[in-house]
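S.K.: I am attaching a structure below and will ask some questions about it afterwards.
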Amino acid sequence: MRRMIGFLMMVGLVIGVGCGDDDSSPTSSSVSQDKYSETIEGTWTESYGGPGWTFNADGTGVDDVIEEPITWSIVGSTLTITHGDDYIGNDYDRVIISMSSTELVYMEKSDSEDGSGTIEEEVTLTR
């Protein structure tokens with residue numbers, strides 16, 4: 001009988017420890033955010049080989065299309081790119097869909113050419 005009670009207590013302990021609190025999980029949003037920030041550093045080009053972006057570790061970079069400086073930040077899966085005061089376009093946040101060391105996929109908003117509103121487009125960059 002004592003062996004049975006000891007066995008049941010041990011099983012309960014193993015189950016209780018295995019189902020513990022996961023708050024210290026390395027997949028929390030702050031770790032993902034840090035990983036995105038580290039992974040994005042460097043130069044990315046459009047998937048067809050055209051110019052894209054260069055992201056520096058200090059939050060600065062270059063819009064390689066118009067060869068103008070930018071600042072950037074990532075919060076969660078939102079990439080914010082800001083151009084200087086002389087930029088005539090609109091700065092929109094980009095939502096990161098996926099990112100690896102060689103491919104960045106995000107959803108981008110831009111103004112329609114006829115001024116009737118905004119267009120959403122999925123963009124793939126590679127390096």
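Following the order of the structure tokens, first chain is A, next is B, and so on, with residues numbered from 1 inside each chain and ligands from 1 in the order they appear.
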Show me, as a list in words, the residues that have an atom within 10 Å of Glu68 of chain A when counting only C-alpha atoms, minus same-chain residues fewer than 4 positions from it.

M.R.: Trp53, Gly61, Val62, Asp63, Asp64, His83, Gly84, Asp86 and Tyr87 of chain A

S.K.: Restricting it to C-alpha atoms, dump the selection as a PDB file, in the first residue's frame.

M.R.:
ATOM      1  CA  TRP A  53      16.655  48.370 -47.682  1.00  0.00           C
ATOM      2  CA  GLY A  61      19.643  52.578 -42.518  1.00  0.00           C
ATOM      3  CA  VAL A  62      19.120  53.426 -46.176  1.00  0.00           C
ATOM      4  CA  ASP A  63      16.148  53.177 -48.520  1.00  0.00           C
ATOM      5  CA  ASP A  64      18.136  51.768 -51.444  1.00  0.00           C
ATOM      6  CA  HIS A  83      12.229  58.658 -43.899  1.00  0.00           C
ATOM      7  CA  GLY A  84      13.630  62.150 -43.413  1.00  0.00           C
ATOM      8  CA  ASP A  86      12.324  65.803 -47.326  1.00  0.00           C
ATOM      9  CA  TYR A  87      10.508  62.552 -48.190  1.00  0.00           C
TER      10      TYR A  87
END

S.K.: At a cut-off of 8 Å, using only C-alpha atoms, what residues contact Glu108 of chain A? Leave out same-chain residues fewer than 3 positions from it and give the result as a ChimeraX atom specification.

M.R.: /A:92-95,120-123

S.K.: Quick one: residues within 7 Å of Trp72 of chain A, only C-alpha atoms, excluding same-chain residues fewer than 6 positions away - as a ChimeraX atom specification?

M.R.: /A:59-60,80-82

S.K.: What separation in Å, quoted to one decimal, exists between atom CA of Thr39 of chain A and atom CA of Ser110 of chain A?

M.R.: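 Atom CA of Ser110 of chain A lies at a distance of 24.6 Å from atom CA of Thr39 of chain A.
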
S.K.: Find, counting only C-alpha atoms, the residue in A:Thr126, A:Ile119, A:Glu113, A:Val75 that gets nearest to Ser100 of chain A.

M.R.: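 Comparing A:Thr126, A:Ile119, A:Glu113, A:Val75 against Ser100 of chain A, the winner is A:Thr126.
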
S.K.: Could you please determine the separation between atom CA of Asp85 of chain A and atom CA of Asp111 of chain A in Å, to one decimal place?

M.R.: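 One can read the atom CA of Asp85 of chain A to atom CA of Asp111 of chain A distance as 18.0 Å.
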
S.K.: Record the distance separating atom CA of Trp44 of chain A and atom CA of Arg127 of chain A, expressed in Å with one decimal.

M.R.: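 Going from atom CA of Trp44 of chain A over to atom CA of Arg127 of chain A, I get 5.2 Å.
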
S.K.: How would you write, as a list in words, the set of residues in segment 26-115 of chain A that DSSP gives as alpha helix (DSSP H)?

M.R.: Ser29, Ser30, Val31, Ser32, Gln33, Asp34, Lys35, Tyr36, Ser37, Glu38, Thr39 and Ile40 of chain A

S.K.: Could you check which of A:Thr124, A:Thr118, A:Thr102, A:Asn90 is closest to Ile40 of chain A, using only C-alpha atoms?

M.R.: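 That would be A:Thr102, the residue with the smallest distance to Ile40 of chain A.
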
S.K.: Given the choices A:Gly50, A:Tyr36, A:Leu125, A:Asn56, which gets closest to Ile74 of chain A if the distance is worked out from only C-alpha atoms?

M.R.: A:Tyr36
